[in-house]
$ cat work_9.pdb   # PDB, C-alpha atoms and all ligand atoms
ATOM      1  CA  MET W  46      27.345 -78.457  -9.469  1.00  0.00           C
ATOM      2  CA  THR W  47      28.819 -75.173  -8.281  1.00  0.00           C
ATOM      3  CA  ILE W  48      31.611 -73.465 -10.139  1.00  0.00           C
ATOM      4  CA  GLU W  49      34.021 -71.040  -8.576  1.00  0.00           C
ATOM      5  CA  LEU W  50      35.644 -68.695 -11.032  1.00  0.00           C
ATOM      6  CA  THR W  51      38.930 -66.940 -10.437  1.00  0.00           C
ATOM      7  CA  LYS W  52      39.275 -63.197 -11.035  1.00  0.00           C
ATOM      8  CA  ARG W  53      41.216 -63.935 -14.211  1.00  0.00           C
ATOM      9  CA  GLN W  54      38.531 -66.292 -15.512  1.00  0.00           C
ATOM     10  CA  GLU W  55      35.890 -63.651 -14.831  1.00  0.00           C
ATOM     11  CA  HIS W  56      38.018 -61.146 -16.714  1.00  0.00           C
ATOM     12  CA  ILE W  57      38.305 -63.506 -19.678  1.00  0.00           C
ATOM     13  CA  ILE W  58      34.530 -63.891 -19.776  1.00  0.00           C
ATOM     14  CA  GLU W  59      34.154 -60.108 -19.798  1.00  0.00           C
ATOM     15  CA  ILE W  60      36.571 -59.759 -22.711  1.00  0.00           C
ATOM     16  CA  VAL W  61      34.914 -62.526 -24.730  1.00  0.00           C
ATOM     17  CA  LYS W  62      31.487 -61.126 -23.938  1.00  0.00           C
ATOM     18  CA  SER W  63      32.316 -57.695 -25.336  1.00  0.00           C
ATOM     19  CA  GLU W  64      34.743 -58.638 -28.101  1.00  0.00           C
ATOM     20  CA  GLY W  65      33.947 -62.202 -29.111  1.00  0.00           C
ATOM     21  CA  PRO W  66      34.464 -64.062 -31.301  1.00  0.00           C
ATOM     22  CA  ILE W  67      38.060 -63.581 -30.280  1.00  0.00           C
ATOM     23  CA  THR W  68      41.089 -65.877 -30.566  1.00  0.00           C
ATOM     24  CA  GLY W  69      43.050 -67.210 -27.610  1.00  0.00           C
ATOM     25  CA  GLU W  70      45.992 -65.216 -28.913  1.00  0.00           C
ATOM     26  CA  GLN W  71      44.034 -61.977 -28.747  1.00  0.00           C
ATOM     27  CA  ILE W  72      42.683 -62.677 -25.263  1.00  0.00           C
ATOM     28  CA  ALA W  73      46.241 -63.353 -24.083  1.00  0.00           C
ATOM     29  CA  GLU W  74      47.352 -60.047 -25.587  1.00  0.00           C
ATOM     30  CA  ARG W  75      44.537 -58.144 -23.882  1.00  0.00           C
ATOM     31  CA  LEU W  76      45.608 -59.611 -20.520  1.00  0.00           C
ATOM     32  CA  SER W  77      49.333 -59.249 -21.204  1.00  0.00           C
ATOM     33  CA  LEU W  78      49.777 -62.973 -20.644  1.00  0.00           C
ATOM     34  CA  THR W  79      51.162 -65.766 -22.774  1.00  0.00           C
ATOM     35  CA  ARG W  80      48.833 -68.111 -24.611  1.00  0.00           C
ATOM     36  CA  ALA W  81      50.263 -70.993 -22.547  1.00  0.00           C
ATOM     37  CA  THR W  82      49.424 -69.314 -19.230  1.00  0.00           C
ATOM     38  CA  LEU W  83      45.883 -68.807 -20.403  1.00  0.00           C
ATOM     39  CA  ARG W  84      45.308 -72.309 -21.738  1.00  0.00           C
ATOM     40  CA  PRO W  85      44.073 -73.925 -18.466  1.00  0.00           C
ATOM     41  CA  ASP W  86      41.627 -71.055 -17.868  1.00  0.00           C
ATOM     42  CA  LEU W  87      40.226 -71.306 -21.374  1.00  0.00           C
ATOM     43  CA  ALA W  88      39.930 -75.072 -20.976  1.00  0.00           C
ATOM     44  CA  ILE W  89      37.947 -74.649 -17.743  1.00  0.00           C
ATOM     45  CA  LEU W  90      35.700 -71.981 -19.215  1.00  0.00           C
ATOM     46  CA  THR W  91      34.851 -74.062 -22.276  1.00  0.00           C
ATOM     47  CA  MET W  92      34.404 -77.272 -20.272  1.00  0.00           C
ATOM     48  CA  THR W  93      32.029 -75.597 -17.849  1.00  0.00           C
ATOM     49  CA  GLY W  94      30.097 -74.062 -20.704  1.00  0.00           C
ATOM     50  CA  PHE W  95      30.740 -70.373 -20.099  1.00  0.00           C
ATOM     51  CA  LEU W  96      32.572 -70.085 -23.414  1.00  0.00           C
ATOM     52  CA  ASP W  97      32.478 -71.999 -26.649  1.00  0.00           C
ATOM     53  CA  ALA W  98      35.325 -72.324 -29.128  1.00  0.00           C
ATOM     54  CA  ARG W  99      35.108 -72.712 -32.915  1.00  0.00           C
ATOM     55  CA  PRO W 100      38.132 -73.587 -34.991  1.00  0.00           C
ATOM     56  CA  ARG W 101      39.443 -70.619 -36.985  1.00  0.00           C
ATOM     57  CA  VAL W 102      36.798 -68.355 -35.439  1.00  0.00           C
ATOM     58  CA  GLY W 103      37.752 -68.180 -31.803  1.00  0.00           C
ATOM     59  CA  TYR W 104      35.986 -68.035 -28.476  1.00  0.00           C
ATOM     60  CA  PHE W 105      32.518 -66.676 -27.977  1.00  0.00           C
ATOM     61  CA  TYR W 106      30.269 -66.214 -25.020  1.00  0.00           C
ATOM     62  CA  THR W 107      27.516 -68.803 -24.637  1.00  0.00           C
ATOM     63  CA  GLY W 108      25.309 -66.549 -22.567  1.00  0.00           C
ATOM     64  CA  LYS W 109      25.312 -69.110 -19.784  1.00  0.00           C
ATOM     65  CA  ASP W 110      22.517 -68.675 -17.311  1.00  0.00           C
ATOM     66  CA  SER W 111      23.466 -65.849 -15.002  1.00  0.00           C
ATOM     67  CA  ASN W 112      22.072 -67.914 -12.127  1.00  0.00           C
ATOM     68  CA  GLU W 113      25.175 -70.078 -12.418  1.00  0.00           C
ATOM     69  CA  LEU W 114      27.362 -67.023 -12.101  1.00  0.00           C
ATOM     70  CA  ILE W 115      25.495 -65.776  -9.054  1.00  0.00           C
ATOM     71  CA  LYS W 116      25.704 -69.236  -7.489  1.00  0.00           C
ATOM     72  CA  ALA W 117      29.462 -69.244  -8.019  1.00  0.00           C
ATOM     73  CA  GLU W 118      29.715 -65.900  -6.200  1.00  0.00           C
ATOM     74  CA  VAL W 119      27.525 -67.057  -3.300  1.00  0.00           C
ATOM     75  CA  ASN W 120      29.588 -70.204  -2.847  1.00  0.00           C
ATOM     76  CA  LYS W 121      32.776 -68.187  -2.490  1.00  0.00           C
ATOM     77  CA  LYS W 122      31.574 -66.960   0.890  1.00  0.00           C
ATOM     78  CA  ILE W 123      33.098 -69.134   3.583  1.00  0.00           C
ATOM     79  CA  VAL W 124      32.240 -69.233   7.298  1.00  0.00           C
ATOM     80  CA  LYS W 125      35.805 -68.468   8.403  1.00  0.00           C
ATOM     81  CA  ASP W 126      35.743 -65.086   6.634  1.00  0.00           C
ATOM     82  CA  TYR W 127      32.487 -63.953   8.240  1.00  0.00           C
ATOM     83  CA  LYS W 128      32.216 -65.624  11.662  1.00  0.00           C
ATOM     84  CA  ALA W 129      31.828 -63.454  14.757  1.00  0.00           C
ATOM     85  CA  GLN W 130      33.353 -63.906  18.220  1.00  0.00           C
ATOM     86  CA  PRO W 131      31.478 -66.570  20.199  1.00  0.00           C
ATOM     87  CA  ILE W 132      30.011 -65.592  23.551  1.00  0.00           C
ATOM     88  CA  ILE W 133      30.814 -68.433  25.908  1.00  0.00           C
ATOM     89  CA  ILE W 134      29.650 -69.260  29.425  1.00  0.00           C
ATOM     90  CA  SER W 135      30.604 -72.103  31.720  1.00  0.00           C
ATOM     91  CA  GLU W 136      27.989 -74.796  32.422  1.00  0.00           C
ATOM     92  CA  SER W 137      28.383 -74.213  36.149  1.00  0.00           C
ATOM     93  CA  SER W 138      27.161 -70.604  35.740  1.00  0.00           C
ATOM     94  CA  SER W 139      23.659 -69.744  36.917  1.00  0.00           C
ATOM     95  CA  VAL W 140      20.677 -68.705  34.817  1.00  0.00           C
ATOM     96  CA  TYR W 141      21.081 -65.265  36.441  1.00  0.00           C
ATOM     97  CA  ASP W 142      24.689 -65.065  35.110  1.00  0.00           C
ATOM     98  CA  GLY W 143      23.384 -66.122  31.714  1.00  0.00           C
ATOM     99  CA  ILE W 144      20.836 -63.317  31.602  1.00  0.00           C
ATOM    100  CA  CYS W 145      23.516 -60.774  32.645  1.00  0.00           C
ATOM    101  CA  THR W 146      25.826 -62.078  29.899  1.00  0.00           C
ATOM    102  CA  LEU W 147      23.022 -61.766  27.366  1.00  0.00           C
ATOM    103  CA  PHE W 148      22.680 -58.051  28.127  1.00  0.00           C
ATOM    104  CA  LEU W 149      26.367 -57.271  28.656  1.00  0.00           C
ATOM    105  CA  GLU W 150      27.455 -58.944  25.435  1.00  0.00           C
ATOM    106  CA  ASP W 151      24.390 -57.880  23.474  1.00  0.00           C
ATOM    107  CA  VAL W 152      23.701 -61.344  22.043  1.00  0.00           C
ATOM    108  CA  GLY W 153      20.635 -63.533  21.744  1.00  0.00           C
ATOM    109  CA  THR W 154      22.375 -66.851  22.280  1.00  0.00           C
ATOM    110  CA  MET W 155      25.399 -68.038  24.227  1.00  0.00           C
ATOM    111  CA  PHE W 156      27.374 -71.220  23.954  1.00  0.00           C
ATOM    112  CA  VAL W 157      27.855 -73.247  27.107  1.00  0.00           C
ATOM    113  CA  VAL W 158      31.130 -75.115  27.666  1.00  0.00           C
ATOM    114  CA  ASN W 159      32.184 -77.775  30.182  1.00  0.00           C
ATOM    115  CA  SER W 160      35.177 -77.556  32.525  1.00  0.00           C
ATOM    116  CA  LYS W 161      37.464 -78.668  29.674  1.00  0.00           C
ATOM    117  CA  GLY W 162      36.242 -75.824  27.479  1.00  0.00           C
ATOM    118  CA  HIS W 163      34.331 -78.120  25.122  1.00  0.00           C
ATOM    119  CA  LEU W 164      30.857 -77.419  23.792  1.00  0.00           C
ATOM    120  CA  ALA W 165      28.177 -78.673  26.185  1.00  0.00           C
ATOM    121  CA  GLY W 166      25.093 -76.764  25.015  1.00  0.00           C
ATOM    122  CA  VAL W 167      23.372 -73.617  23.813  1.00  0.00           C
ATOM    123  CA  ALA W 168      21.272 -71.205  25.875  1.00  0.00           C
ATOM    124  CA  SER W 169      19.028 -68.808  23.950  1.00  0.00           C
ATOM    125  CA  ARG W 170      16.772 -65.902  24.921  1.00  0.00           C
ATOM    126  CA  LYS W 171      13.733 -68.137  25.128  1.00  0.00           C
ATOM    127  CA  ASP W 172      15.523 -70.750  27.250  1.00  0.00           C
ATOM    128  CA  LEU W 173      16.447 -68.052  29.778  1.00  0.00           C
ATOM    129  CA  LEU W 174      13.041 -66.395  29.662  1.00  0.00           C
ATOM    130  CA  ARG W 175      11.346 -69.744  30.262  1.00  0.00           C
ATOM    131  CA  ALA W 176      13.494 -70.282  33.349  1.00  0.00           C
ATOM    132  CA  THR W 177      12.280 -66.963  34.796  1.00  0.00           C
ATOM    133  CA  LEU W 178       8.650 -68.140  34.701  1.00  0.00           C
ATOM    134  CA  GLY W 179       9.163 -70.423  37.691  1.00  0.00           C
ATOM    135  CA  LYS W 180       9.442 -69.197  41.229  1.00  0.00           C
ATOM    136  CA  GLN W 181      12.987 -70.439  41.757  1.00  0.00           C
ATOM    137  CA  ASN W 182      15.951 -68.287  42.636  1.00  0.00           C
ATOM    138  CA  LEU W 183      17.701 -67.669  39.321  1.00  0.00           C
ATOM    139  CA  THR W 184      21.114 -67.479  40.974  1.00  0.00           C
ATOM    140  CA  GLU W 185      20.661 -71.089  42.101  1.00  0.00           C
ATOM    141  CA  ILE W 186      19.615 -72.723  38.829  1.00  0.00           C
ATOM    142  CA  PRO W 187      22.623 -73.854  36.772  1.00  0.00           C
ATOM    143  CA  ILE W 188      22.408 -72.864  33.117  1.00  0.00           C
ATOM    144  CA  SER W 189      23.168 -76.505  32.212  1.00  0.00           C
ATOM    145  CA  ILE W 190      19.637 -77.429  33.341  1.00  0.00           C
ATOM    146  CA  ILE W 191      17.848 -75.093  30.962  1.00  0.00           C
ATOM    147  CA  MET W 192      20.165 -75.213  27.929  1.00  0.00           C
ATOM    148  CA  THR W 193      19.740 -77.339  24.800  1.00  0.00           C
ATOM    149  CA  ARG W 194      22.511 -79.881  25.187  1.00  0.00           C
ATOM    150  CA  MET W 195      24.900 -81.953  23.126  1.00  0.00           C
ATOM    151  CA  PRO W 196      24.555 -84.047  21.030  1.00  0.00           C
ATOM    152  CA  ASN W 197      21.516 -82.056  19.876  1.00  0.00           C
ATOM    153  CA  ILE W 198      23.486 -78.949  18.962  1.00  0.00           C
ATOM    154  CA  VAL W 199      23.627 -77.937  15.324  1.00  0.00           C
ATOM    155  CA  THR W 200      27.124 -76.713  14.484  1.00  0.00           C
ATOM    156  CA  CYS W 201      29.206 -75.649  11.504  1.00  0.00           C
ATOM    157  CA  THR W 202      32.914 -75.598  10.695  1.00  0.00           C
ATOM    158  CA  MET W 203      35.251 -72.854   9.455  1.00  0.00           C
ATOM    159  CA  GLU W 204      35.439 -74.388   5.988  1.00  0.00           C
ATOM    160  CA  GLU W 205      31.707 -74.598   5.320  1.00  0.00           C
ATOM    161  CA  THR W 206      30.110 -72.073   3.008  1.00  0.00           C
ATOM    162  CA  LEU W 207      27.927 -69.330   4.428  1.00  0.00           C
ATOM    163  CA  LEU W 208      25.122 -70.779   2.322  1.00  0.00           C
ATOM    164  CA  GLU W 209      25.373 -74.179   4.059  1.00  0.00           C
ATOM    165  CA  ALA W 210      25.329 -72.456   7.453  1.00  0.00           C
ATOM    166  CA  ALA W 211      22.302 -70.358   6.424  1.00  0.00           C
ATOM    167  CA  LYS W 212      20.445 -73.512   5.357  1.00  0.00           C
ATOM    168  CA  LYS W 213      21.009 -75.009   8.822  1.00  0.00           C
ATOM    169  CA  LEU W 214      19.578 -71.881  10.489  1.00  0.00           C
ATOM    170  CA  ILE W 215      16.477 -72.196   8.316  1.00  0.00           C
ATOM    171  CA  ASP W 216      16.108 -75.997   8.548  1.00  0.00           C
ATOM    172  CA  TYR W 217      16.420 -76.100  12.348  1.00  0.00           C
ATOM    173  CA  GLN W 218      14.644 -72.764  12.940  1.00  0.00           C
ATOM    174  CA  ILE W 219      17.409 -71.365  15.097  1.00  0.00           C
ATOM    175  CA  ASP W 220      19.172 -68.000  15.267  1.00  0.00           C
ATOM    176  CA  SER W 221      22.790 -69.051  15.631  1.00  0.00           C
ATOM    177  CA  LEU W 222      25.333 -71.810  15.127  1.00  0.00           C
ATOM    178  CA  PRO W 223      28.557 -72.364  17.038  1.00  0.00           C
ATOM    179  CA  VAL W 224      31.538 -72.619  14.688  1.00  0.00           C
ATOM    180  CA  VAL W 225      33.447 -75.623  16.008  1.00  0.00           C
ATOM    181  CA  ARG W 226      36.742 -77.418  15.662  1.00  0.00           C
ATOM    182  CA  PRO W 227      36.589 -81.155  16.499  1.00  0.00           C
ATOM    183  CA  VAL W 228      39.199 -82.536  18.897  1.00  0.00           C
ATOM    184  CA  GLU W 229      39.719 -86.169  19.866  1.00  0.00           C
ATOM    185  CA  VAL W 230      39.711 -86.711  23.637  1.00  0.00           C
ATOM    186  CA  ASN W 231      40.146 -90.296  24.873  1.00  0.00           C
ATOM    187  CA  GLY W 232      38.720 -91.654  21.651  1.00  0.00           C
ATOM    188  CA  ARG W 233      35.679 -89.363  21.749  1.00  0.00           C
ATOM    189  CA  THR W 234      35.069 -86.353  19.552  1.00  0.00           C
ATOM    190  CA  GLN W 235      34.650 -83.107  21.463  1.00  0.00           C
ATOM    191  CA  TYR W 236      34.187 -79.624  20.020  1.00  0.00           C
ATOM    192  CA  GLU W 237      36.068 -76.424  20.689  1.00  0.00           C
ATOM    193  CA  VAL W 238      34.002 -73.315  19.989  1.00  0.00           C
ATOM    194  CA  VAL W 239      35.933 -71.008  17.678  1.00  0.00           C
ATOM    195  CA  GLY W 240      33.227 -68.672  16.410  1.00  0.00           C
ATOM    196  CA  ARG W 241      29.588 -67.945  15.865  1.00  0.00           C
ATOM    197  CA  VAL W 242      27.359 -67.610  12.833  1.00  0.00           C
ATOM    198  CA  THR W 243      24.090 -65.763  13.362  1.00  0.00           C
ATOM    199  CA  LYS W 244      21.373 -64.354  11.152  1.00  0.00           C
ATOM    200  CA  THR W 245      23.359 -61.084  11.288  1.00  0.00           C
ATOM    201  CA  THR W 246      26.400 -62.863   9.848  1.00  0.00           C
ATOM    202  CA  ILE W 247      24.314 -64.138   6.957  1.00  0.00           C
ATOM    203  CA  THR W 248      22.771 -60.705   6.407  1.00  0.00           C
ATOM    204  CA  LYS W 249      26.254 -59.164   6.192  1.00  0.00           C
ATOM    205  CA  GLY W 250      27.274 -61.691   3.544  1.00  0.00           C
ATOM    206  CA  PHE W 251      24.065 -60.987   1.643  1.00  0.00           C
ATOM    207  CA  VAL W 252      24.574 -57.211   1.684  1.00  0.00           C
ATOM    208  CA  GLU W 253      28.173 -57.626   0.563  1.00  0.00           C
ATOM    209  CA  LEU W 254      27.026 -59.814  -2.296  1.00  0.00           C
ATOM    210  CA  GLY W 255      24.601 -57.136  -3.413  1.00  0.00           C
ATOM    211  CA  ASN W 256      27.345 -54.511  -3.330  1.00  0.00           C
ATOM    212  CA  GLU W 257      29.802 -56.627  -5.292  1.00  0.00           C
ATOM    213  CA  ALA W 258      29.816 -56.402  -9.042  1.00  0.00           C
ATOM    214  CA  VAL W 259      28.894 -59.816 -10.362  1.00  0.00           C
ATOM    215  CA  ILE W 260      29.919 -60.089 -14.020  1.00  0.00           C
TER     216      ILE W 260
HETATM  217  P1  LIG W 301      15.275 -67.652  20.596  1.00  0.00           P
HETATM  218  O1  LIG W 301      15.314 -68.162  21.984  1.00  0.00           O
HETATM  219  O2  LIG W 301      15.639 -66.200  20.550  1.00  0.00           O
HETATM  220  O3  LIG W 301      14.019 -67.993  19.863  1.00  0.00           O
HETATM  221  P2  LIG W 301      16.529 -69.657  18.894  1.00  0.00           P
HETATM  222  O4  LIG W 301      15.399 -69.624  17.908  1.00  0.00           O
HETATM  223  O5  LIG W 301      17.906 -69.719  18.334  1.00  0.00           O
HETATM  224  O6  LIG W 301      16.502 -68.369  19.826  1.00  0.00           O
HETATM  225  O7  LIG W 301      16.353 -70.858  19.881  1.00  0.00           O
HETATM  226  C1  LIG W 301      15.245 -71.710  19.892  1.00  0.00           C
HETATM  227  C2  LIG W 301      15.606 -73.016  20.616  1.00  0.00           C
HETATM  228  O8  LIG W 301      16.619 -73.698  19.873  1.00  0.00           O
HETATM  229  C3  LIG W 301      16.194 -72.813  22.020  1.00  0.00           C
HETATM  230  O9  LIG W 301      15.661 -73.793  22.883  1.00  0.00           O
HETATM  231  C4  LIG W 301      17.695 -73.003  21.849  1.00  0.00           C
HETATM  232  O10 LIG W 301      18.325 -73.594  22.980  1.00  0.00           O
HETATM  233  C5  LIG W 301      17.769 -73.951  20.669  1.00  0.00           C
HETATM  234  N1  LIG W 301      18.977 -73.681  19.848  1.00  0.00           N
HETATM  235  C6  LIG W 301      19.509 -72.490  19.525  1.00  0.00           C
HETATM  236  N2  LIG W 301      20.600 -72.637  18.760  1.00  0.00           N
HETATM  237  C7  LIG W 301      20.778 -73.978  18.601  1.00  0.00           C
HETATM  238  C8  LIG W 301      21.743 -74.798  17.913  1.00  0.00           C
HETATM  239  N3  LIG W 301      22.750 -74.258  17.224  1.00  0.00           N
HETATM  240  N4  LIG W 301      21.594 -76.138  17.965  1.00  0.00           N
HETATM  241  C9  LIG W 301      20.566 -76.697  18.655  1.00  0.00           C
HETATM  242  N5  LIG W 301      19.636 -75.993  19.314  1.00  0.00           N
HETATM  243  C10 LIG W 301      19.734 -74.649  19.295  1.00  0.00           C
END

$ encode --input "work_9.pdb" --output "structure tokens"
Amino acid sequence: MTIELTKRQEHIIEIVKSEGPITGEQIAERLSLTRATLRPDLAILTMTGFLDARPRVGYFYTGKDSNELIKAEVNKKIVKDYKAQPIIISESSSVYDGICTLFLEDVGTMFVVNSKGHLAGVASRKDLLRATLGKQNLTEIPISIIMTRMPNIVTCTMEETLLEAAKKLIDYQIDSLPVVRPVEVNGRTQYEVVGRVTKTTITKGFVELGNEAVI
């Protein structure tokens, strides 16, 4: 189970940690809140095991495994807050266009869309490099021939956690995921590309986590 704590709940833990045992009344005073406002937070914190309460003594810190606290922080990171702009190319473009896009946009992977603007495939560095090994004219080979195509594309949504997206990158041994929004077209699910999550995105989240003060 993952637990997401609010700023106020984190603050309560800090107070109890340094001043416990402490009564609900006293915690409320320290936060300039009423006891009633605080009640749901205290209930959550005791139910989840961060705090314990003893009658006539007050709340004290249980010293809950800090791993839980770190997990809660990690799970607060959501794809929509970190995603980058997707680099998109039409499936009728040539491999030559794809290679130019790769350099111009400074990316390792581009997402290929059909004439309706829906996700059709993914073309990566290696896909493009492989296409250059043949003797064909690169301006004449459509990128749709060399790309990895739907339905074999691994995607993520805006609402997923960064951790879930990172797991997909590891599990499928890929460098990037299109962030998609499903749309129903004639009874079939198609995907609009609304962002991109890459190893860089994950690294940014990781660095930010290290710079944040976890309780
Ligand atoms: P690189 O070419 O730089 O090694 P990847 O490791 O991401 O980049 O790509 C390896 C293979 O996986 C390529 O054939 C590519 O088309 C495919 N691929 C890349 N991203 C995805 C994805 N999100 N879903 C499915 N296949 C992908």

$ closest_atom_pairs --input "work_9.pdb" --of "chain W" --to "ligand LIG 301 (chain W)" --cutoff "9 Å" --atoms "only C-alpha atoms and all ligand atoms" --output "CSV"
residue,atom,partner,partner_atom,distance
W:Gly153,CA,W:LIG301,O2,5.8
W:Thr154,CA,W:LIG301,O6,6.5
W:Met155,CA,W:LIG301,N2,8.6
W:Phe156,CA,W:LIG301,N2,8.7
W:Gly166,CA,W:LIG301,O10,7.7
W:Val167,CA,W:LIG301,O10,5.1
W:Ala168,CA,W:LIG301,O10,4.8
W:Ser169,CA,W:LIG301,O1,4.3
W:Arg170,CA,W:LIG301,O1,4.0
W:Lys171,CA,W:LIG301,O1,3.5
W:Asp172,CA,W:LIG301,O9,5.3
W:Leu173,CA,W:LIG301,O1,7.9
W:Leu174,CA,W:LIG301,O1,8.2
W:Ile191,CA,W:LIG301,O10,8.1
W:Met192,CA,W:LIG301,O10,5.5
W:Thr193,CA,W:LIG301,O10,4.4
W:Arg194,CA,W:LIG301,C9,7.5
W:Met195,CA,W:LIG301,C9,8.1
W:Pro196,CA,W:LIG301,C9,8.7
W:Asn197,CA,W:LIG301,C9,5.6
W:Ile198,CA,W:LIG301,N4,3.5
W:Val199,CA,W:LIG301,N4,3.8
W:Thr200,CA,W:LIG301,N3,5.7
W:Cys201,CA,W:LIG301,N3,8.7
W:Lys213,CA,W:LIG301,N3,8.6
W:Leu214,CA,W:LIG301,N3,7.8
W:Tyr217,CA,W:LIG301,C9,7.6
W:Gln218,CA,W:LIG301,O4,5.9
W:Ile219,CA,W:LIG301,O5,3.7
W:Asp220,CA,W:LIG301,O5,3.7
W:Ser221,CA,W:LIG301,N2,5.2
W:Leu222,CA,W:LIG301,N3,4.1
W:Pro223,CA,W:LIG301,N3,6.1
W:Thr243,CA,W:LIG301,O5,8.9

$ atom_distance --input "work_9.pdb" --atom1 "CA of Pro131 in chain W" --atom2 "CA of Val242 in chain W"
8.5 Å

$ resolve_selection --input "work_9.pdb" --expression "the PyMOL selection byres (((chain W and resi 54) around 12) and not hetatm)" --output "PyMOL selection string"
chain W and resi 48-53+55-61+72-73+76+82-91+93+95-96+114+260

$ atom_distance --input "work_9.pdb" --atom1 "CA of Lys244 in chain W" --atom2 "CA of Arg175 in chain W"
22.2 Å

$ closest_residue --input "work_9.pdb" --among "W:Asn120, W:Thr184, W:Thr107, W:Thr146" --to "Leu254 in chain W" --atoms "only C-alpha atoms"
W:Asn120

$ atom_distance --input "work_9.pdb" --atom1 "CA of Asp216 in chain W" --atom2 "CA of Thr246 in chain W"
16.7 Å

$ resolve_selection --input "work_9.pdb" --expression "the PyMOL selection byres (((chain W and resi 104) around 8) and not hetatm)" --output "list in words"
Val61, Gly65, Pro66, Ile67, Thr68, Gly69, Leu96, Asp97, Ala98, Arg99, Val102, Gly103, Phe105 and Tyr106 of chain W

$ closest_residue --input "work_9.pdb" --among "W:Leu178, W:Val124, W:Val228, W:Leu183" --to "Glu204 in chain W" --atoms "all atoms listed in the file"
W:Val124

$ residues_around --input "work_9.pdb" --residues "Lys122 in chain W" --least-positions-apart "6" --cutoff "10 Å" --atoms "all atoms listed in the file" --output "ChimeraX atom specification"
/W:204-208,247,250-251,253-254

$ write_last_selection --input "work_9.pdb" --atoms "C-alpha atoms" --output "PDB file, in the frame of the given file"
ATOM      1  CA  GLU W 204      35.439 -74.388   5.988  1.00  0.00           C
ATOM      2  CA  GLU W 205      31.707 -74.598   5.320  1.00  0.00           C
ATOM      3  CA  THR W 206      30.110 -72.073   3.008  1.00  0.00           C
ATOM      4  CA  LEU W 207      27.927 -69.330   4.428  1.00  0.00           C
ATOM      5  CA  LEU W 208      25.122 -70.779   2.322  1.00  0.00           C
ATOM      6  CA  ILE W 247      24.314 -64.138   6.957  1.00  0.00           C
ATOM      7  CA  GLY W 250      27.274 -61.691   3.544  1.00  0.00           C
ATOM      8  CA  PHE W 251      24.065 -60.987   1.643  1.00  0.00           C
ATOM      9  CA  GLU W 253      28.173 -57.626   0.563  1.00  0.00           C
ATOM     10  CA  LEU W 254      27.026 -59.814  -2.296  1.00  0.00           C
TER      11      LEU W 254
END
